[in-house]
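K.L.:
Provided herewith is a single structure, encoded as C-alpha cells, for subsequent inquiry.
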There are 2 protein chains.
Amino acid sequence: MNLNKPLPSEPVIAIVGATGVVGSEMLSILEERNVPCRSVKLLASKDSAGEMYSFNGGECEVEELTAESFQGVDIALFATSGALSAEFVPIAVESGAIVIDNSSHYRMQEGVPLLVPEVNRVALTKNDPIIANPNCSTAQLVPVLDIIHKNAGLKRVVVSTYQAVSGAGKAALDELWEQTRAVFTQKETESEAFAHPIAFNCIPQIDTLLEDGYTKEEMKVVDESRKILGLPDLKITCTAVRVPVFHCHAESVNVETEKPLSEQELTTLLENAPGIEVYANHNEFPMQIDCASKDPIFVGRIRKDSSVENGLNIWIVADNLRKGAALNAVQILELLLEKEH
Amino acid sequence: MNLNKPLPSEPVIAIVGATGVVGSEMLSILEERNVPCRSVKLLASKDSAGEMYSFNGGECEVEELTAESFQGVDIALFATSGALSAEFVPIAVESGAIVIDNSSHYRMQEGVPLLVPEVNRVALTKNDPIIANPNCSTAQLVPVLDIIHKNAGLKRVVVSTYQAVSGAGKAALDELWEQTRAVFTQKETESEAFAHPIAFNCIPQIDTLLEDGYTKEEMKVVDESRKILGLPDLKITCTAVRVPVFHCHAESVNVETEKPLSEQELTTLLENAPGIEVYANHNEFPMQIDCASKDPIFVGRIRKDSSVENGLNIWIVADNLRKGAALNAVQILELLLEKEH
C-alpha cells in the first residue's frame, strides 16, 4: 500500500486502457499540459500490445496489462470498464500506485473521494490510494451547480441530456459513422454498440435500465452530483438521451434556488469561475460541434424561469472526453502532485 | 363572411401551401382518412403551379395562389408562413371559406380558437371563421398534460425538446441530408435553412430569439399550452432544441402535480386516451426513427420523480408533420363536419 510513500515530483504514470477514446485523450492531455513525469506506461489488452503512440517527442509502446504491469508505477490513470477496474485497481494499489479511476466501480464507495477539482478538492486526503473520476455528464454539471449553490442555495435541479456517442467508446463512434453512411448508400447495418439505431435518431436510454425505470446513467448524475457537491439530500432528477452527435454532451438544466439569483448575477459568477466559459449574449450559445477538443465547460442560454419563484434555465456543453473524463482525471493528478510538493 | 352559411356534407377543400412538407401531408391524410370532399384545390406559389399530385385515384394540379383562389371553397387548410397567412386568410374568409390555419399568426389572437380536438373541442363555436392549428411541439404535449391535469392537477411543467428538422420545412430536410453527406465526401457546405450546422450537431435555438432570451418556439409551447388547456396561469417553461433527426419531435417532460399520480395510474389513463400509445414496460420506449408517418402521440419512460412531492418524468414522441401539424388540422376539419351534420 502506498499510504506513506512520498510521490516523486516526476512520477511514473501508467494509463490503463490507453488505446480507448478516454485513454488516448489522457495521453494527449498529459503532453498538452506539460505534466511532469519521468515516463509514461501505456497498458491495454493483448490485442493492442505493440501499438506505438507518440509522446513528448518520443515514442511509447503499448504493453499488455497484467498483474505485473504496475511495478514502479507511481500514479495509474484507469480508463477501463468497471469490471476491469474492479480487477486491476487493487493490484495497482498493492503495487504502490495511486489510482485515478474513470470507471463507475469505486465512485460511490464510501471513503473513496469522487473529485472534480474546481468543486471538492478538499475531499482529497493525502493518503487516498484510489480517487474516482466522475461520470462525464456529472463532471460538466457540478461546477455550475456548485457556483449556484454557494451563491443562492440549490433547491431542485431537473436535467435533460443530449449526449454524444463518444461517451460509449470507439465502437460507438464507428457505429454512428457507418450507420449514417449506410443511409446514403442504402445498405443494411446492425446496431451493436447501441441497442437501437443511432443514425438520425435519439435514444432515451444510456447504460442499463434499473427496476424503477431510471437508467444507470441518470442515477449517476443524481448520486454523483450529491456526493461531489456534498449535498446528500439534493433534489435532482435526470433524463439522459443519446443524440446522433460524435463529440460533446449538452445539458438542458432547470434550476430552482433558495434565494433569488438573476441571469446577470449568474453570468458574472460564471465569468469569474475557473474552467467555465459563459455566453453572456443571448444571440450566441455553445453547441457541440464547436466545443469538441476544448477544455472548458461552456454555458449559455441563461434565462429566468418564471414558472417557479427562483428559477433559471441553463444550457451546458462540454467535451465529454475532456472535462467529462480525461481532463478531469489529469486535473486530479496535478492536484496530487501539487498537494505533495 | 361565412357566419350563416351551412357547410356542405362534401365540402370543397383547399390546401394553401400544398407543395410544402405540411401541405403535402395534409393531402395524404385527407385521402387516408377518407374525409368526405367534393374536390380538393391545391394552392401554392407560382413556381409550383402545374405540379401534379395524385388524390383519391385521380390527379390534382397545383394552382397559383391568388386573391381569386377561394371562390367556391368551403374549407381552406393553410400550411403557410405567418406572413402569407396574414395576407390570404382574410381573403379566404371574405370569400366564404372557413380557415384552419397552421401558421402562428392567429394562434394567440383572442376569439380565435386554438384547437387540439382531443383536448378542447368545446372551444369551437359554430361560427368561427378562423381556427388556429397549434405549433408542432405544443400539439403533441397538451393531450398528455390535459389528462394529467384532469386527474391530478398540473402544478408545474418543465419541457426540453429534441426537435426534428422537418419542422423547418423541405429546405431543412435537404440541409440535414446534404450537410451530412458533405461530412463523408469532405466537401464544404453552407448553412441556409439553419443559422448553424445541423449535421451531427444540436442547435439550442428554434425560431427567433426574444428580448428575454427565450425563443419564439419556447414561448409557443408556453403560451399555446396555456390557451389550449384553458389554464392561463399554468406554470410551464421550455428549452427547445433542434437535433439532427429528419422526422418526429421528442420531448423530455417533467411534471409536478397537485395530487399524487403514480406511474401506473398515468399509464392506465394514457392507455385509455384516444390518439395516445403508451409504452407500459420500462424496457421499451418510443424513438423518433420508429414514429415517423404514424398518427399517435407515443409516450414512454414514465418515472416517478422523487425530487418533488408529486413528480413524474415523461418522454413524448410524435410525428411533427402529423399530430404536430397536418393530422391535427384534418382532425379539426372532421370536427367541423361532425358539428355541422
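Every chain in the C-alpha cells takes a letter, A first, then B, and so on in the order presented; its residues are numbered from 1, and the ligands are numbered from 1 following the presented order.
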Which residues come within 9 Å of stretch 285-288 of chain B, counting only C-alpha atoms, excluding same-chain residues fewer than 3 positions away, as a PDB file with N, CA and C atoms, in the first residue's frame?

P.N.:
ATOM      1  N   PHE A 200     -29.486   9.504 -37.226  1.00  0.00           N
ATOM      2  CA  PHE A 200     -30.703  10.304 -37.344  1.00  0.00           C
ATOM      3  C   PHE A 200     -31.774   9.881 -36.333  1.00  0.00           C
ATOM      4  N   ASN A 201     -31.349   9.549 -35.131  1.00  0.00           N
ATOM      5  CA  ASN A 201     -32.294   9.117 -34.100  1.00  0.00           C
ATOM      6  C   ASN A 201     -31.756   9.494 -32.715  1.00  0.00           C
ATOM      7  N   CYS A 202     -32.653   9.752 -31.776  1.00  0.00           N
ATOM      8  CA  CYS A 202     -32.269   9.947 -30.387  1.00  0.00           C
ATOM      9  C   CYS A 202     -32.706   8.707 -29.602  1.00  0.00           C
ATOM     10  N   ILE A 203     -31.852   8.216 -28.733  1.00  0.00           N
ATOM     11  CA  ILE A 203     -32.161   7.020 -27.936  1.00  0.00           C
ATOM     12  C   ILE A 203     -32.262   7.429 -26.460  1.00  0.00           C
ATOM     13  N   PRO A 204     -33.470   7.351 -25.889  1.00  0.00           N
ATOM     14  CA  PRO A 204     -33.624   7.815 -24.500  1.00  0.00           C
ATOM     15  C   PRO A 204     -33.240   6.749 -23.488  1.00  0.00           C
ATOM     16  N   GLN A 205     -32.146   6.093 -23.743  1.00  0.00           N
ATOM     17  CA  GLN A 205     -31.612   5.130 -22.771  1.00  0.00           C
ATOM     18  C   GLN A 205     -30.096   5.108 -22.880  1.00  0.00           C
TER      19      GLN A 205
ATOM     20  N   ALA B 164     -37.073  17.531 -34.665  1.00  0.00           N
ATOM     21  CA  ALA B 164     -36.602  17.132 -35.992  1.00  0.00           C
ATOM     22  C   ALA B 164     -36.539  18.331 -36.935  1.00  0.00           C
ATOM     23  N   VAL B 245     -32.155  14.951 -36.679  1.00  0.00           N
ATOM     24  CA  VAL B 245     -33.111  13.870 -36.924  1.00  0.00           C
ATOM     25  C   VAL B 245     -34.065  14.402 -37.994  1.00  0.00           C
ATOM     26  N   PHE B 246     -34.456  13.568 -38.945  1.00  0.00           N
ATOM     27  CA  PHE B 246     -35.313  14.051 -40.027  1.00  0.00           C
ATOM     28  C   PHE B 246     -36.748  14.304 -39.575  1.00  0.00           C
ATOM     29  N   HIS B 247     -37.341  13.296 -38.936  1.00  0.00           N
ATOM     30  CA  HIS B 247     -38.765  13.384 -38.609  1.00  0.00           C
ATOM     31  C   HIS B 247     -39.042  13.072 -37.147  1.00  0.00           C
ATOM     32  N   CYS B 248     -40.064  13.700 -36.608  1.00  0.00           N
ATOM     33  CA  CYS B 248     -40.601  13.485 -35.254  1.00  0.00           C
ATOM     34  C   CYS B 248     -39.871  14.320 -34.195  1.00  0.00           C
ATOM     35  N   HIS B 249     -40.678  14.901 -33.350  1.00  0.00           N
ATOM     36  CA  HIS B 249     -40.153  15.630 -32.204  1.00  0.00           C
ATOM     37  C   HIS B 249     -40.240  14.730 -30.971  1.00  0.00           C
ATOM     38  N   ALA B 250     -39.216  14.800 -30.147  1.00  0.00           N
ATOM     39  CA  ALA B 250     -39.267  14.131 -28.847  1.00  0.00           C
ATOM     40  C   ALA B 250     -39.228  15.211 -27.768  1.00  0.00           C
ATOM     41  N   VAL B 278     -49.076   4.247 -25.296  1.00  0.00           N
ATOM     42  CA  VAL B 278     -48.151   4.331 -24.171  1.00  0.00           C
ATOM     43  C   VAL B 278     -47.329   3.049 -24.069  1.00  0.00           C
ATOM     44  N   TYR B 279     -46.064   3.220 -23.747  1.00  0.00           N
ATOM     45  CA  TYR B 279     -45.167   2.093 -23.512  1.00  0.00           C
ATOM     46  C   TYR B 279     -45.183   1.817 -22.016  1.00  0.00           C
ATOM     47  N   ALA B 280     -45.867   0.761 -21.628  1.00  0.00           N
ATOM     48  CA  ALA B 280     -46.047   0.490 -20.207  1.00  0.00           C
ATOM     49  C   ALA B 280     -44.813  -0.165 -19.604  1.00  0.00           C
ATOM     50  N   ASN B 281     -44.053  -0.865 -20.437  1.00  0.00           N
ATOM     51  CA  ASN B 281     -42.874  -1.590 -19.977  1.00  0.00           C
ATOM     52  C   ASN B 281     -41.643  -0.686 -20.062  1.00  0.00           C
ATOM     53  N   HIS B 282     -40.895  -0.603 -18.971  1.00  0.00           N
ATOM     54  CA  HIS B 282     -39.719   0.273 -18.963  1.00  0.00           C
ATOM     55  C   HIS B 282     -38.674  -0.106 -20.005  1.00  0.00           C
ATOM     56  N   CYS B 291     -41.367   6.419 -35.120  1.00  0.00           N
ATOM     57  CA  CYS B 291     -42.678   7.087 -35.038  1.00  0.00           C
ATOM     58  C   CYS B 291     -43.028   7.885 -36.287  1.00  0.00           C
ATOM     59  N   ALA B 292     -42.104   7.984 -37.235  1.00  0.00           N
ATOM     60  CA  ALA B 292     -42.365   8.778 -38.438  1.00  0.00           C
ATOM     61  C   ALA B 292     -43.538   8.203 -39.218  1.00  0.00           C
ATOM     62  N   PHE B 298     -46.811   9.119 -28.934  1.00  0.00           N
ATOM     63  CA  PHE B 298     -46.230   7.971 -28.226  1.00  0.00           C
ATOM     64  C   PHE B 298     -45.608   8.450 -26.911  1.00  0.00           C
ATOM     65  N   VAL B 299     -45.940   7.761 -25.837  1.00  0.00           N
ATOM     66  CA  VAL B 299     -45.463   8.165 -24.514  1.00  0.00           C
ATOM     67  C   VAL B 299     -44.745   6.996 -23.845  1.00  0.00           C
ATOM     68  N   GLY B 300     -43.602   7.266 -23.278  1.00  0.00           N
ATOM     69  CA  GLY B 300     -42.868   6.215 -22.587  1.00  0.00           C
ATOM     70  C   GLY B 300     -41.999   6.790 -21.488  1.00  0.00           C
ATOM     71  N   ARG B 301     -41.186   5.911 -20.902  1.00  0.00           N
ATOM     72  CA  ARG B 301     -40.263   6.289 -19.831  1.00  0.00           C
ATOM     73  C   ARG B 301     -40.955   7.078 -18.718  1.00  0.00           C
ATOM     74  N   TRP B 315     -41.441  10.863 -21.434  1.00  0.00           N
ATOM     75  CA  TRP B 315     -40.799  11.032 -22.747  1.00  0.00           C
ATOM     76  C   TRP B 315     -41.900  10.917 -23.812  1.00  0.00           C
ATOM     77  N   ILE B 316     -42.086  11.967 -24.593  1.00  0.00           N
ATOM     78  CA  ILE B 316     -43.190  12.017 -25.562  1.00  0.00           C
ATOM     79  C   ILE B 316     -42.626  12.175 -26.977  1.00  0.00           C
ATOM     80  N   VAL B 317     -43.060  11.338 -27.896  1.00  0.00           N
ATOM     81  CA  VAL B 317     -42.601  11.427 -29.288  1.00  0.00           C
ATOM     82  C   VAL B 317     -43.807  11.425 -30.222  1.00  0.00           C
ATOM     83  N   ALA B 318     -43.785  12.277 -31.239  1.00  0.00           N
ATOM     84  CA  ALA B 318     -44.836  12.237 -32.264  1.00  0.00           C
ATOM     85  C   ALA B 318     -44.267  12.766 -33.569  1.00  0.00           C
ATOM     86  N   ASP B 319     -44.904  12.377 -34.663  1.00  0.00           N
ATOM     87  CA  ASP B 319     -44.502  12.925 -35.961  1.00  0.00           C
ATOM     88  C   ASP B 319     -45.001  14.367 -36.032  1.00  0.00           C
TER      89      ASP B 319
END

K.L.:
Tell me, which residues of stretch 98-241 of chain A carry DSSP alpha helix (DSSP H), written as a ChimeraX atom specification?

P.N.:
/A:117-120,136-139,142-152,170-185,216-229

K.L.:
Looking only at strand (DSSP E) from DSSP on the backbone, list the matching residues of stretch 201-318 of chain A as a tab-separated table (two decimals) with N, CA and C atoms, in the first residue's frame.

P.N.:
chain	number	residue	atom	x	y	z
A	236	ILE	N	-32.72	16.34	-7.15
A	236	ILE	CA	-32.24	16.40	-8.54
A	236	ILE	C	-32.79	15.20	-9.30
A	237	THR	N	-33.22	15.43	-10.53
A	237	THR	CA	-33.73	14.35	-11.38
A	237	THR	C	-33.16	14.52	-12.78
A	238	CYS	N	-33.08	13.41	-13.52
A	238	CYS	CA	-32.41	13.46	-14.81
A	238	CYS	C	-33.07	12.54	-15.84
A	239	THR	N	-33.12	13.00	-17.08
A	239	THR	CA	-33.47	12.16	-18.23
A	239	THR	C	-32.27	12.21	-19.18
A	249	HIS	N	-21.20	16.47	-24.82
A	249	HIS	CA	-22.53	16.33	-24.23
A	249	HIS	C	-23.11	17.73	-24.02
A	250	ALA	N	-24.41	17.85	-24.27
A	250	ALA	CA	-25.13	19.09	-23.94
A	250	ALA	C	-26.17	18.74	-22.88
A	251	GLU	N	-26.49	19.73	-22.06
A	251	GLU	CA	-27.47	19.51	-21.00
A	251	GLU	C	-28.40	20.71	-20.88
A	252	SER	N	-29.69	20.42	-20.86
A	252	SER	CA	-30.70	21.44	-20.57
A	252	SER	C	-31.00	21.32	-19.08
A	253	VAL	N	-30.63	22.35	-18.33
A	253	VAL	CA	-30.69	22.26	-16.87
A	253	VAL	C	-31.63	23.32	-16.32
A	254	ASN	N	-32.63	22.86	-15.59
A	254	ASN	CA	-33.55	23.77	-14.92
A	254	ASN	C	-33.22	23.76	-13.43
A	255	VAL	N	-32.97	24.94	-12.90
A	255	VAL	CA	-32.52	25.05	-11.51
A	255	VAL	C	-33.47	25.94	-10.72
A	256	GLU	N	-33.83	25.49	-9.52
A	256	GLU	CA	-34.63	26.29	-8.60
A	256	GLU	C	-33.73	26.57	-7.39
A	257	THR	N	-33.65	27.82	-7.00
A	257	THR	CA	-32.75	28.18	-5.90
A	257	THR	C	-33.53	28.69	-4.69
A	276	ILE	N	-14.67	27.59	-16.81
A	276	ILE	CA	-16.00	27.80	-17.39
A	276	ILE	C	-15.96	28.98	-18.35
A	277	GLU	N	-16.58	28.81	-19.51
A	277	GLU	CA	-16.75	29.94	-20.42
A	277	GLU	C	-18.24	30.18	-20.59
A	278	VAL	N	-18.64	31.40	-20.39
A	278	VAL	CA	-20.07	31.70	-20.43
A	278	VAL	C	-20.40	32.62	-21.61
A	297	ILE	N	-15.91	24.12	-19.72
A	297	ILE	CA	-17.35	23.85	-19.68
A	297	ILE	C	-17.99	25.13	-20.23
A	298	PHE	N	-18.78	24.98	-21.28
A	298	PHE	CA	-19.39	26.14	-21.92
A	298	PHE	C	-20.85	26.28	-21.46
A	299	VAL	N	-21.21	27.48	-21.04
A	299	VAL	CA	-22.55	27.70	-20.51
A	299	VAL	C	-23.22	28.84	-21.28
A	300	GLY	N	-24.46	28.63	-21.66
A	300	GLY	CA	-25.19	29.68	-22.36
A	300	GLY	C	-26.68	29.56	-22.14
A	301	ARG	N	-27.42	30.38	-22.86
A	301	ARG	CA	-28.89	30.40	-22.78
A	301	ARG	C	-29.38	30.49	-21.33
A	302	ILE	N	-28.74	31.32	-20.56
A	302	ILE	CA	-29.18	31.51	-19.17
A	302	ILE	C	-30.43	32.39	-19.19
A	303	ARG	N	-31.53	31.83	-18.71
A	303	ARG	CA	-32.81	32.55	-18.74
A	303	ARG	C	-33.54	32.41	-17.41
A	304	LYS	N	-34.19	33.46	-17.01
A	304	LYS	CA	-35.05	33.40	-15.83
A	304	LYS	C	-36.23	32.48	-16.14
A	305	ASP	N	-36.51	31.55	-15.24
A	305	ASP	CA	-37.69	30.68	-15.40
A	305	ASP	C	-38.77	31.17	-14.45
A	311	GLY	N	-36.19	30.62	-10.39
A	311	GLY	CA	-35.86	29.61	-11.39
A	311	GLY	C	-34.95	30.12	-12.49
A	312	LEU	N	-34.12	29.21	-12.99
A	312	LEU	CA	-33.24	29.54	-14.11
A	312	LEU	C	-33.18	28.34	-15.06
A	313	ASN	N	-33.16	28.62	-16.37
A	313	ASN	CA	-32.86	27.59	-17.36
A	313	ASN	C	-31.45	27.84	-17.88
A	314	ILE	N	-30.69	26.77	-18.05
A	314	ILE	CA	-29.28	26.89	-18.44
A	314	ILE	C	-28.95	25.79	-19.45
A	315	TRP	N	-28.06	26.08	-20.40
A	315	TRP	CA	-27.61	25.13	-21.41
A	315	TRP	C	-26.11	24.95	-21.23
A	316	ILE	N	-25.68	23.72	-20.94
A	316	ILE	CA	-24.27	23.45	-20.64
A	316	ILE	C	-23.70	22.46	-21.65
A	317	VAL	N	-22.56	22.78	-22.25
A	317	VAL	CA	-21.92	21.89	-23.22
A	317	VAL	C	-20.45	21.71	-22.84
A	318	ALA	N	-19.96	20.48	-22.93
A	318	ALA	CA	-18.52	20.24	-22.74
A	318	ALA	C	-18.12	18.99	-23.50

K.L.:
I'd like the contact shell of B:Glu224 - 9 Å cut-off, only C-alpha atoms, skipping same-chain residues fewer than 4 positions apart - returned as a PyMOL selection string.

P.N.:
chain B and resi 107-108+114+134-135+138-139+219-220+228-229

K.L.:
Do a neighbour search on A:Ile15 at 10 Å with only C-alpha atoms, toss out local chain neighbours closer than 2 positions, and write the hits as a PyMOL selection string.

P.N.:
chain A and resi 13+17-19+22-24+26-27+40-44+62+75-80+99-100

K.L.:
Given only C-alpha atoms as the basis, pick out the residue of A:Val142, A:Val308, A:Val12, A:Ala182 nearest to A:Lys323.

P.N.:
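Ranked by minimum distance to A:Lys323, first place goes to A:Val142.
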
K.L.:
For A:Ser307, list every protein, DNA or RNA residue within 9 Å, evaluated using only C-alpha atoms, and leave out those in the same chain fewer than 6 positions away; present the list as a ChimeraX atom specification.

P.N.:
/B:156-158,234-237

K.L.:
Might you pull out every residue within 7 Å of stretch 167-173 of chain B, with only C-alpha atoms counted and same-chain residues fewer than 4 positions away left off, and present them as a PyMOL selection string?

P.N.:
chain B and resi 20-21+177+193+246+320

K.L.:
Enter the distance from atom CA of B:Asn283 to atom CA of A:Thr180, in Å, rounded to one decimal.

P.N.:
25.1 Å

K.L.:
Ranking A:Glu218, A:Glu87, A:Asp295, A:Glu211 by minimum distance to chain B and counting only C-alpha atoms, which one comes first?

P.N.:
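Selected residue with least distance to chain B: A:Glu211.
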
K.L.:
When you count only C-alpha atoms, which of these residues is closest to chain A: B:Val243, B:Val93, B:Leu335, B:Leu270?

P.N.:
B:Val243
